[in-house]
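Dumped final.pdb below, it's PDB, C-alpha atoms:
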```pdb
ATOM      1  CA  MET J 231     152.093   3.552  85.684
ATOM      2  CA  LYS J 232     151.453  -0.094  86.395
ATOM      3  CA  PHE J 233     153.291  -0.807  89.631
ATOM      4  CA  LEU J 234     155.399   2.129  90.775
ATOM      5  CA  THR J 235     153.793   4.802  92.915
ATOM      6  CA  PHE J 236     154.432   8.507  92.781
ATOM      7  CA  GLU J 237     155.491   8.394  96.445
ATOM      8  CA  GLN J 238     158.166   5.775  95.653
ATOM      9  CA  ILE J 239     159.458   7.915  92.812
ATOM     10  CA  LYS J 240     159.669  11.001  95.049
ATOM     11  CA  GLN J 241     161.607   9.023  97.649
ATOM     12  CA  GLN J 242     163.960   7.493  95.085
ATOM     13  CA  LEU J 243     164.761  10.911  93.609
ATOM     14  CA  ARG J 244     164.812  12.616  97.021
ATOM     15  CA  LEU J 245     162.415  15.321  95.844
ATOM     16  CA  ASP J 246     160.349  17.442  98.174
ATOM     17  CA  ASP J 247     156.624  17.793  97.529
ATOM     18  CA  GLU J 248     156.998  21.085  95.654
ATOM     19  CA  GLN J 249     159.696  19.761  93.293
ATOM     20  CA  ALA J 250     157.847  16.518  92.687
ATOM     21  CA  THR J 251     154.540  18.247  91.985
ATOM     22  CA  ALA J 252     156.201  20.646  89.536
ATOM     23  CA  GLU J 253     157.609  17.714  87.556
ATOM     24  CA  GLN J 254     154.922  15.118  88.169
ATOM     25  CA  SER J 255     153.942  14.568  84.525
ATOM     26  CA  ILE J 256     157.525  13.995  83.355
ATOM     27  CA  LEU J 257     158.268  11.750  86.343
ATOM     28  CA  GLU J 258     155.202   9.641  85.605
ATOM     29  CA  MET J 259     156.227   9.380  81.949
ATOM     30  CA  TYR J 260     159.754   8.239  82.902
ATOM     31  CA  ALA J 261     158.309   5.731  85.382
ATOM     32  CA  ALA J 262     155.826   4.279  82.889
ATOM     33  CA  SER J 263     158.608   3.919  80.318
ATOM     34  CA  ALA J 264     160.896   2.326  82.921
ATOM     35  CA  GLU J 265     158.201  -0.180  83.910
ATOM     36  CA  ASP J 266     157.630  -1.145  80.272
ATOM     37  CA  SER J 267     161.370  -1.382  79.629
ATOM     38  CA  VAL J 268     161.954  -3.627  82.640
ATOM     39  CA  LEU J 269     159.078  -5.883  81.600
ATOM     40  CA  ASN J 270     160.490  -6.068  78.068
ATOM     41  CA  ILE J 271     163.941  -6.935  79.411
ATOM     42  CA  ILE J 272     162.561  -9.854  81.414
ATOM     43  CA  ARG J 273     160.279 -10.802  78.508
ATOM     44  CA  ARG J 274     157.136 -10.807  80.610
ATOM     45  CA  SER J 275     153.888  -8.884  80.513
ATOM     46  CA  TYR J 276     152.579  -7.142  83.609
ATOM     47  CA  GLU J 277     149.738  -9.649  83.748
ATOM     48  CA  ASP J 278     152.190 -12.567  83.551
ATOM     49  CA  VAL J 279     154.259 -11.140  86.413
ATOM     50  CA  LEU J 280     151.139 -10.885  88.569
ATOM     51  CA  GLU J 281     149.967 -14.355  87.610
ATOM     52  CA  THR J 282     153.378 -15.956  88.186
ATOM     53  CA  PHE J 283     154.481 -14.147  91.351
ATOM     54  CA  GLY J 284     151.214 -12.851  92.822
ATOM     55  CA  ALA J 285     152.598  -9.296  92.870
ATOM     56  CA  VAL J 286     155.472  -7.417  91.282
ATOM     57  CA  PRO J 287     158.628  -8.714  93.005
ATOM     58  CA  THR J 288     160.621  -6.063  94.824
ATOM     59  CA  PRO J 289     163.717  -6.474  92.591
ATOM     60  CA  ILE J 290     161.651  -5.706  89.479
ATOM     61  CA  ALA J 291     160.191  -2.577  91.088
ATOM     62  CA  HIS J 292     163.673  -1.615  92.305
ATOM     63  CA  ALA J 293     165.087  -1.878  88.773
ATOM     64  CA  ALA J 294     162.229   0.271  87.411
ATOM     65  CA  LEU J 295     162.866   2.898  90.101
ATOM     66  CA  MET J 296     166.581   2.960  89.297
ATOM     67  CA  LEU J 297     165.826   3.368  85.599
ATOM     68  CA  THR J 298     163.354   6.174  86.348
ATOM     69  CA  ASP J 299     166.058   7.887  88.407
ATOM     70  CA  THR J 300     168.637   7.464  85.630
ATOM     71  CA  TRP J 301     166.322   8.970  83.031
ATOM     72  CA  TYR J 302     165.404  11.855  85.329
ATOM     73  CA  GLN J 303     169.047  12.655  86.109
ATOM     74  CA  HIS J 304     170.243  12.206  82.499
ATOM     75  CA  ARG J 305     167.598  13.699  80.261
ATOM     76  CA  SER J 306     169.659  13.709  77.078
ATOM     77  CA  PRO J 307     169.322  11.011  74.426
ATOM     78  CA  VAL J 308     171.945   8.306  74.076
ATOM     79  CA  THR J 309     174.592   9.040  71.469
ATOM     80  CA  PRO J 310     177.104   6.596  69.976
ATOM     81  CA  GLY J 311     179.830   7.960  72.263
ATOM     82  CA  SER J 312     177.729   7.553  75.400
ATOM     83  CA  VAL J 313     176.501   3.995  74.899
ATOM     84  CA  ALA J 314     177.459   1.697  77.757
ATOM     85  CA  GLN J 315     176.617  -1.773  78.925
ATOM     86  CA  VAL J 316     173.679  -2.271  81.245
ATOM     87  CA  PRO J 317     175.026  -1.922  84.796
ATOM     88  CA  TYR J 318     175.527  -5.136  86.749
ATOM     89  CA  THR J 319     172.845  -4.068  89.232
ATOM     90  CA  TYR J 320     170.136  -4.487  86.581
ATOM     91  CA  ASP J 321     171.473  -7.960  85.756
ATOM     92  CA  LEU J 322     171.420  -8.867  89.417
ATOM     93  CA  LEU J 323     167.864  -7.604  89.933
ATOM     94  CA  LEU J 324     166.223  -8.817  86.735
ATOM     95  CA  LYS J 325     167.886 -12.060  85.583
ATOM     96  CA  PRO J 326     166.013 -14.287  88.053
ATOM     97  CA  TYR J 327     162.714 -13.148  86.508
ATOM     98  CA  MET J 328     163.672 -13.421  82.821
ATOM     99  CA  ARG J 329     161.880 -15.794  80.509
ATOM    100  CA  LEU J 330     164.132 -17.819  78.249
ATOM    101  CA  SER J 331     163.930 -17.199  74.505
ATOM    102  CA  GLY J 332     161.452 -19.269  72.580
ATOM    103  CA  ASP J 333     158.659 -18.647  75.065
ATOM    104  CA  GLU J 334     155.231 -17.511  73.960
ATOM    105  CA  TYR J 335     156.102 -13.965  75.052
ATOM    106  CA  ASP J 336     158.780 -13.705  72.343
ATOM    107  CA  ASN J 337     156.263 -14.558  69.667
ATOM    108  CA  ASN J 338     153.475 -12.278  70.855
ATOM    109  CA  ASN J 339     154.803  -9.329  72.829
ATOM    110  CA  ASN J 340     158.505  -8.648  72.503
ATOM    111  CA  GLN J 341     159.050  -5.483  70.537
ATOM    112  CA  GLY J 342     162.751  -6.130  70.304
ATOM    113  CA  TYR J 343     163.870  -4.141  73.319
ATOM    114  CA  GLY J 344     165.227  -7.034  75.367
ATOM    115  CA  ARG J 345     167.408  -8.508  72.645
ATOM    116  CA  HIS J 346     169.639  -5.426  72.545
ATOM    117  CA  CYS J 347     170.333  -5.605  76.243
ATOM    118  CA  ASN J 348     173.306  -7.312  77.854
ATOM    119  CA  LEU J 349     171.068  -9.289  80.174
TER     120      LEU J 349
END
```
Would you mind writing the file out in structure tokens?
Amino acid sequence: MKFLTFEQIKQQLRLDDEQATAEQSILEMYAASAEDSVLNIIRRSYEDVLETFGAVPTPIAHAALMLTDTWYQHRSPVTPGSVAQVPYTYDLLLKPYMRLSGDEYDNNNNQGYGRHCNL
């Protein structure tokens, strides 16, 4: 994980120490994936976020925590019948930090994740 802590994840999911410890590896995997997904959505690398803002802004961390929670609560893959738009909360949290298309990040780092998002 790049910027979320295990303690934050436990608090977000409202898990006691025993529950969290039992599922620590899966929680850390969900969190690492959520961090990468959020960074892809805003078309920024972790290093760029640190360089630009000095630290990971709270709204970016908040969005990654919410995504971690969503993936923990809904462990099944997405199917055509369950596809939905990205909730407005993610838009609200992440849009101020998004790079516009045509930036260097698009050419070097974007793996295509952000372009399928409603953001």
> At what distance in Å, to one decimal, does CA of Leu234 in chain J lie from CA of Ala291 in chain J?
Replying inline: 6.7 Å
> What do you get, as a ChimeraX atom specification, if you spell out every residue that the PyMOL selection byres ((chain J and resi 323-327) around 12) selects here?
Replying inline: /J:267-275,278-280,282-283,286-297,316-322,328-330,344,347-349
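With all atoms listed in the file as the basis for measurement, J:Asp299 is the residue among J:Ser331, J:Arg305, J:Asp299, J:Ser263 that approaches Arg244 in chain J most closely.
Shortest separation to Gln241 in chain J among J:Ala285, J:Ala264, J:Ile256, J:Thr298 occurs at residue J:Thr298, atoms counted being all atoms listed in the file.
CA of Tyr276 in chain J is found 27.4 Å from CA of Leu245 in chain J.
Atom pair CA of Gln242 in chain J / CA of Ala262 in chain J has a distance of 15.0 Å (rounded to one decimal).
Shortest atom-to-atom contact with Glu237 in chain J among J:Ala250, J:Glu265, J:Ser306, J:Gly284: J:Ala250, counting only C-alpha atoms.
Considering the residues J:Asp246, J:Ala252, J:Lys240, J:Leu257 and counting all atoms listed in the file, Tyr302 in chain J has its shortest atom-to-atom contact with J:Leu257.
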> Which of these residues is nearest to His304 in chain J, using all atoms listed in the file: J:Glu253, J:Tyr260, J:Glu277, J:Thr235?
Replying inline: J:Tyr260
